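Listing of final-v8.txt, compact mmCIF, C-alpha atoms
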# COMPACT_ATOMS: atom_id res chain seq x y z
CA MET A 1 4.32 4.27 87.20
CA ILE A 2 2.88 5.58 83.94
CA TRP A 3 4.81 8.85 84.18
CA LEU A 4 8.00 6.94 85.02
CA LEU A 5 7.58 4.72 81.95
CA ALA A 6 6.97 7.79 79.79
CA LEU A 7 10.13 9.40 81.14
CA GLN A 8 12.17 6.28 80.39
CA ILE A 9 10.86 6.17 76.81
CA ALA A 10 11.68 9.85 76.32
CA VAL A 11 15.17 9.67 77.80
CA GLY A 12 16.21 6.31 76.33
CA PRO A 13 16.81 7.35 72.70
CA ALA A 14 18.64 10.49 73.79
CA GLN A 15 20.99 8.48 75.99
CA HIS A 16 21.75 6.06 73.17
CA TYR A 17 22.35 8.97 70.79
CA GLU A 18 24.70 10.80 73.16
CA LYS A 19 26.70 7.62 73.68
CA ALA A 20 26.83 7.07 69.91
CA LYS A 21 28.14 10.62 69.45
CA GLN A 22 30.92 10.04 71.96
CA GLU A 23 31.92 6.77 70.34
CA PHE A 24 31.86 8.37 66.87
CA ALA A 25 34.18 11.12 68.10
CA GLN A 26 36.51 8.44 69.49
CA ARG A 27 36.33 6.57 66.14
CA GLU A 28 34.74 3.56 67.79
CA PHE A 29 32.48 3.06 64.82
CA SER A 30 31.07 -0.40 65.55
CA GLU A 31 29.96 0.66 69.01
CA ALA A 32 28.54 3.91 67.63
CA VAL A 33 26.47 2.01 65.06
CA SER A 34 24.99 -0.20 67.79
CA GLU A 35 24.05 2.79 69.93
CA VAL A 36 22.59 4.86 67.10
CA ASN A 37 20.54 1.86 65.93
CA ALA A 38 19.23 1.48 69.48
CA ALA A 39 18.20 5.14 69.50
CA LEU A 40 16.41 4.81 66.18
CA HIS A 41 14.72 1.59 67.23
CA GLU A 42 13.04 3.57 70.01
CA SER A 43 12.61 6.78 68.02
CA PRO A 44 12.70 6.09 64.23
CA TYR A 45 12.48 9.76 63.20
CA MET A 46 15.03 11.20 65.63
CA VAL A 47 16.76 13.59 63.24
CA PRO A 48 20.19 13.91 64.93
CA ALA A 49 20.41 10.11 65.18
CA LEU A 50 19.49 9.73 61.50
CA VAL A 51 22.21 12.21 60.54
CA LEU A 52 24.76 10.40 62.68
CA LYS A 53 23.78 7.04 61.18
CA ALA A 54 24.25 8.57 57.72
CA ARG A 55 27.74 9.78 58.64
CA LEU A 56 28.61 6.33 59.95
CA ALA A 57 27.29 4.79 56.74
CA VAL A 58 29.60 7.02 54.70
CA PHE A 59 32.58 5.69 56.68
CA ALA A 60 31.32 2.15 56.03
CA HIS A 61 31.06 2.86 52.28
CA ARG A 62 27.28 2.44 52.33
CA PRO A 63 26.03 5.47 50.36
CA ASP A 64 22.60 3.87 49.96
CA VAL A 65 22.09 3.80 53.74
CA ALA A 66 23.49 7.34 54.16
CA LYS A 67 21.18 8.79 51.51
CA SER A 68 18.13 6.99 52.92
CA CYS A 69 18.82 8.26 56.45
CA LEU A 70 19.34 11.86 55.35
CA ILE A 71 16.20 11.95 53.21
CA ARG A 72 14.21 10.50 56.12
CA ALA A 73 15.70 13.15 58.42
CA ILE A 74 14.69 15.98 56.08
CA THR A 75 11.22 14.47 55.65
CA ALA A 76 10.87 14.44 59.43
CA ASP A 77 12.21 17.99 59.85
CA PRO A 78 12.83 20.11 56.72
CA THR A 79 14.11 22.91 58.97
CA SER A 80 17.07 20.85 60.23
CA GLU A 81 20.15 22.73 59.03
CA GLU A 82 22.31 19.76 59.98
CA ALA A 83 20.31 17.30 57.87
CA GLN A 84 20.15 19.67 54.88
CA PHE A 85 23.88 20.36 55.08
CA PHE A 86 24.91 16.72 55.33
CA LEU A 87 22.62 15.76 52.44
CA GLY A 88 24.26 18.46 50.31
CA ALA A 89 27.73 17.36 51.46
CA PHE A 90 26.79 13.74 50.69
CA TYR A 91 25.76 14.62 47.14
CA TYR A 92 28.95 16.63 46.69
CA GLN A 93 31.10 13.72 47.84
CA GLN A 94 29.21 11.44 45.44
CA ASN A 95 29.94 13.90 42.59
CA ASP A 96 26.21 14.61 42.20
CA PHE A 97 26.94 18.32 42.11
CA LYS A 98 23.63 19.54 40.73
CA LEU A 99 21.73 17.66 43.43
CA ALA A 100 24.01 19.14 46.11
CA VAL A 101 23.06 22.75 45.39
CA SER A 102 19.50 22.81 46.75
CA PRO A 103 20.09 21.27 50.22
CA LEU A 104 23.25 23.33 50.67
CA GLN A 105 21.37 26.52 49.79
CA THR A 106 18.62 25.53 52.23
CA ALA A 107 21.22 24.91 54.95
CA GLN A 108 22.75 28.31 54.23
CA THR A 109 19.34 29.97 54.57
CA LEU A 110 18.63 28.14 57.82
CA SER A 111 22.05 28.99 59.30
CA PRO A 112 23.36 32.11 57.51
CA LYS A 113 26.30 32.58 59.90
CA SER A 114 27.67 29.05 59.44
CA PRO A 115 30.65 28.85 57.05
CA LEU A 116 30.27 25.16 56.14
CA PRO A 117 27.19 25.34 53.84
CA VAL A 118 28.78 28.27 52.01
CA PHE A 119 32.12 26.43 51.77
CA TYR A 120 30.50 23.36 50.24
CA LEU A 121 28.47 25.55 47.92
CA ALA A 122 31.74 27.14 46.77
CA MET A 123 33.29 23.75 46.02
CA THR A 124 30.07 22.62 44.32
CA GLN A 125 29.92 25.69 42.08
CA GLU A 126 33.60 25.19 41.27
CA ALA A 127 32.88 21.60 40.27
CA LEU A 128 30.00 22.81 38.09
CA GLY A 129 32.35 25.24 36.33
CA ASN A 130 30.76 28.39 37.75
CA ALA A 131 33.96 30.25 38.59
CA THR A 132 32.44 33.64 39.45
CA GLU A 133 29.94 32.15 41.88
CA ALA A 134 32.62 29.91 43.39
CA LEU A 135 34.98 32.82 44.04
CA GLU A 136 32.25 34.83 45.76
CA LEU A 137 31.26 31.87 47.92
CA TYR A 138 34.84 31.04 48.89
CA GLN A 139 35.26 34.64 50.07
CA GLN A 140 31.99 34.46 52.03
CA ALA A 141 33.12 31.21 53.66
CA GLU A 142 36.45 32.79 54.62
CA ASN A 143 34.66 35.81 56.10
CA LEU A 144 32.34 33.60 58.14
CA SER A 145 34.92 31.13 59.42
CA PRO A 146 36.47 31.61 62.87
CA GLU A 147 40.11 32.63 62.81
CA LYS A 148 42.88 30.31 64.01
CA SER A 149 40.91 27.10 63.57
CA PRO A 150 41.34 23.93 61.50
CA GLN A 151 38.03 24.77 59.80
CA SER A 152 39.32 28.16 58.73
CA ALA A 153 42.57 26.59 57.54
CA SER A 154 40.66 24.07 55.40
CA ILE A 155 38.64 26.85 53.78
CA LEU A 156 41.78 28.88 53.07
CA VAL A 157 43.51 25.84 51.54
CA ALA A 158 40.61 25.17 49.16
CA TYR A 159 40.27 28.87 48.33
CA GLY A 160 43.99 29.10 47.58
CA ARG A 161 43.90 25.97 45.44
CA PHE A 162 41.07 27.43 43.36
CA LEU A 163 42.87 30.75 42.97
CA LEU A 164 45.91 28.88 41.67
CA LEU A 165 43.72 27.11 39.10
CA MET A 166 42.53 30.57 38.07
CA GLY A 167 46.15 31.65 37.49
CA ARG A 168 46.22 33.96 40.53
CA SER A 169 49.42 32.57 42.08
CA GLU A 170 50.27 35.37 44.50
CA GLU A 171 46.77 35.47 46.00
CA SER A 172 46.79 31.68 46.18
CA MET A 173 50.05 31.56 48.11
CA GLU A 174 48.83 34.24 50.51
CA LYS A 175 45.84 32.04 51.37
CA GLU A 176 48.02 28.94 51.78
CA ARG A 177 50.51 30.75 54.02
CA ARG A 178 47.66 31.95 56.23
CA ALA A 179 46.27 28.41 56.34
CA ILE A 180 49.65 27.09 57.49
CA GLU A 181 49.87 29.81 60.15
CA GLU A 182 46.50 28.67 61.48
CA ASP A 183 47.29 24.97 61.14
CA PRO A 184 51.03 24.25 60.77
CA ASP A 185 50.28 20.54 60.30
CA SER A 186 48.06 21.07 57.27
CA ARG A 187 49.44 18.65 54.68
CA ASP A 188 47.12 20.13 52.04
CA GLY A 189 48.31 23.64 52.87
CA HIS A 190 52.00 22.80 52.48
CA TYR A 191 51.32 20.87 49.28
CA GLU A 192 49.24 23.64 47.68
CA LEU A 193 51.84 26.24 48.68
CA ALA A 194 54.51 24.05 47.05
CA LYS A 195 52.47 24.05 43.84
CA GLY A 196 52.21 27.84 43.92
CA LEU A 197 55.93 28.26 44.54
CA ASN A 198 56.62 25.87 41.67
CA ARG A 199 54.39 27.95 39.41
CA GLU A 200 56.35 31.06 40.40
CA GLY A 201 59.71 29.35 39.78
CA ASP A 202 60.79 29.21 43.44
CA LEU A 203 61.82 25.58 43.13
CA LYS A 204 63.92 25.18 46.28
CA ASP A 205 61.23 26.54 48.58
CA ALA A 206 58.63 24.51 46.69
CA ALA A 207 60.65 21.33 47.36
CA LEU A 208 60.95 22.24 51.04
CA GLU A 209 57.18 22.69 51.35
CA ALA A 210 56.48 19.45 49.52
CA GLU A 211 58.95 17.54 51.69
CA ARG A 212 57.26 19.02 54.76
CA ALA A 213 53.86 17.90 53.44
CA LEU A 214 55.20 14.36 53.04
CA THR A 215 55.96 14.16 56.78
CA LEU A 216 52.39 14.98 57.81
CA PRO A 217 49.41 12.59 58.20
CA GLU A 218 47.73 11.60 54.94
CA LEU A 219 44.18 12.96 55.22
CA GLY A 220 43.57 14.59 51.85
CA THR A 221 46.59 14.98 49.61
CA THR A 222 48.08 11.56 48.93
CA ASP A 223 51.72 10.47 49.12
CA ALA A 224 51.54 9.75 45.39
CA GLN A 225 50.61 13.36 44.59
CA ILE A 226 53.50 14.70 46.65
CA HIS A 227 56.03 12.23 45.21
CA PHE A 228 54.94 13.23 41.70
CA LEU A 229 55.41 16.92 42.46
CA LEU A 230 58.80 16.30 44.10
CA ALA A 231 59.96 14.23 41.11
CA ARG A 232 59.18 17.19 38.83
CA LEU A 233 60.77 19.70 41.19
CA TYR A 234 64.02 17.78 41.61
CA ALA A 235 64.22 17.20 37.87
CA ARG A 236 64.01 20.96 37.34
CA LEU A 237 66.57 21.46 40.11
CA GLN A 238 68.89 19.08 38.23
CA GLN A 239 68.98 16.54 41.05
CA PRO A 240 68.25 13.36 39.07
CA ASP A 241 68.85 10.92 41.94
CA LEU A 242 66.18 12.56 44.09
CA ALA A 243 63.88 12.99 41.08
CA ASN A 244 64.14 9.28 40.20
CA ALA A 245 63.66 8.21 43.83
CA HIS A 246 60.39 10.14 44.11
CA LEU A 247 59.26 9.02 40.67
CA GLU A 248 59.74 5.38 41.72
CA LYS A 249 57.75 5.99 44.90
CA PHE A 250 55.01 7.67 42.87
CA GLN A 251 54.82 4.72 40.50
CA ALA A 252 54.74 2.25 43.41
CA ALA A 253 52.00 4.09 45.32
CA PRO A 254 48.31 3.15 44.99
CA GLN A 255 46.90 5.48 42.35
CA THR A 256 43.76 7.35 43.34
CA THR A 257 41.95 10.26 41.78
CA ARG A 258 41.28 13.52 43.55
CA ARG A 259 39.82 16.75 42.25

Would you put the structure from the file into structure tokens?
Amino acid sequence: MIWLLALQIAVGPAQHYEKAKQEFAQREFSEAVSEVNAALHESPYMVPALVLKARLAVFAHRPDVAKSCLIRAITADPTSEEAQFFLGAFYYQQNDFKLAVSPLQTAQTLSPKSPLPVFYLAMTQEALGNATEALELYQQAENLSPEKSPQSASILVAYGRFLLLMGRSEESMEKERRAIEEDPDSRDGHYELAKGLNREGDLKDAALEAERALTLPELGTTDAQIHFLLARLYARLQQPDLANAHLEKFQAAPQTTRR
């Protein structure tokens, strides 16, 4: 009986955690929270459960809970690449860029073949104004990322966007076109390509790419951003009716900020 009780105690938290993971993947967040809390009730320092609870807290707009869970996870296991990465990603998303560097570098050291720590380090160094470091890291992330995957497409989109900011339009558009080849439904990819085409004076193709972006699910680039770009494009194309229509939609859209 003692060994059976020990087995139940050992298996219980893992079962709750696995169920929470499934529910998180299915976007059943309330159920996932209940299951992950059950896992942590039985095993308070279960690192994967702490990380998952932190991710759920981010969705619930509870950064205090997310930060607490991630710090507890790293205290329990400093060698957890997952916990280090998500703490760095958390700081990045909170615009605490200097704080993001250390856990992301630790995650990179713990998992040198993973593209995600390098990718977030690239975006962090970009945000800190360290262009040379950012360019090197974006290239490393591209080299590490698997081809023909949404992850690779996301890295290419961000890399291309940064190259455009650096005035390297042709290289930027090459990255965006590759991103779209890997993920044709990348709204960000079509939008960033439209910006590059606009910079190069290819206004008609830029409008086509922006219109395509507008048909895709809003995950990163907002409708307002696309309407604003289209208003400018159609004004330059001397199509005032379309320009005014998109300008009105831009002005009516909820205004949010995005780097």

Spatial neighbours of Glu192 of chain A, max dist 8 Å, all atoms listed in the file, sep filter under 3 positions, as a PyMOL selection string: chain A and resi 157+160-161+173+176+188-189+195-196

Polymer residues at most 10 Å from segment 48-64 of chain A, only C-alpha atoms, same-chain spacing of 5 or more positions, as a VMD selection string: chain A and resid 13 to 14 16 to 18 20 to 21 24 27 29 to 30 32 to 40 43 69 to 74 80 82 to 87 90 to 91 93 to 94

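Distances from A:Glu200, A:Asp77, A:Glu248, A:Glu133 to Val118 of chain A were compared using only C-alpha atoms, and the smallest one belongs to A:Glu133.
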
For Thr109 of chain A, find every residue with an atom within 10 Å (counting all atoms listed in the file), except residues of its own chain fewer than 5 positions away, and show them as a tab-separated table (two decimals) with C-alpha atoms, in the frame of the given file.
chain	number	residue	atom	x	y	z
A	79	THR	CA	14.11	22.91	58.97
A	81	GLU	CA	20.15	22.73	59.03
A	103	PRO	CA	20.09	21.27	50.22
A	104	LEU	CA	23.25	23.33	50.67
A	114	SER	CA	27.67	29.05	59.44
A	117	PRO	CA	27.19	25.34	53.84
A	118	VAL	CA	28.78	28.27	52.01

Nearest-residue call for Lys67 of chain A, choices A:Ala131, A:Val47, A:Gly88, A:Ala25, using only C-alpha atoms: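 Going through A:Ala131, A:Val47, A:Gly88, A:Ala25 one by one, the smallest distance to Lys67 of chain A is for A:Gly88.
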
Within-9 Å shell of (31.5, 18.4, 45.4) in input frame, all atoms listed in the file, as a list in words: Gly88, Ala89, Phe90, Tyr91, Tyr92, Gln93, Gln94, Asn95, Asp96, Phe97, Ala100, Tyr120, Leu121, Ala122, Met123, Thr124, Gln125, Glu126, Ala127 and Leu128 of chain A

Gap from atom CA of Phe162 of chain A to atom CA of Tyr138 of chain A - Å, one decimal: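 It comes out at 9.1 Å.
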
Residue among A:Lys148, A:Arg199, A:Lys204, A:His246 lying closest to Pro184 of chain A, counting all atoms listed in the file: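 Closest to Pro184 of chain A, using all atoms listed in the file: A:Lys148.
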
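Taking atom CA of Ala141 of chain A as the reference point, atom CA of Gln108 of chain A is found at 10.8 Å.
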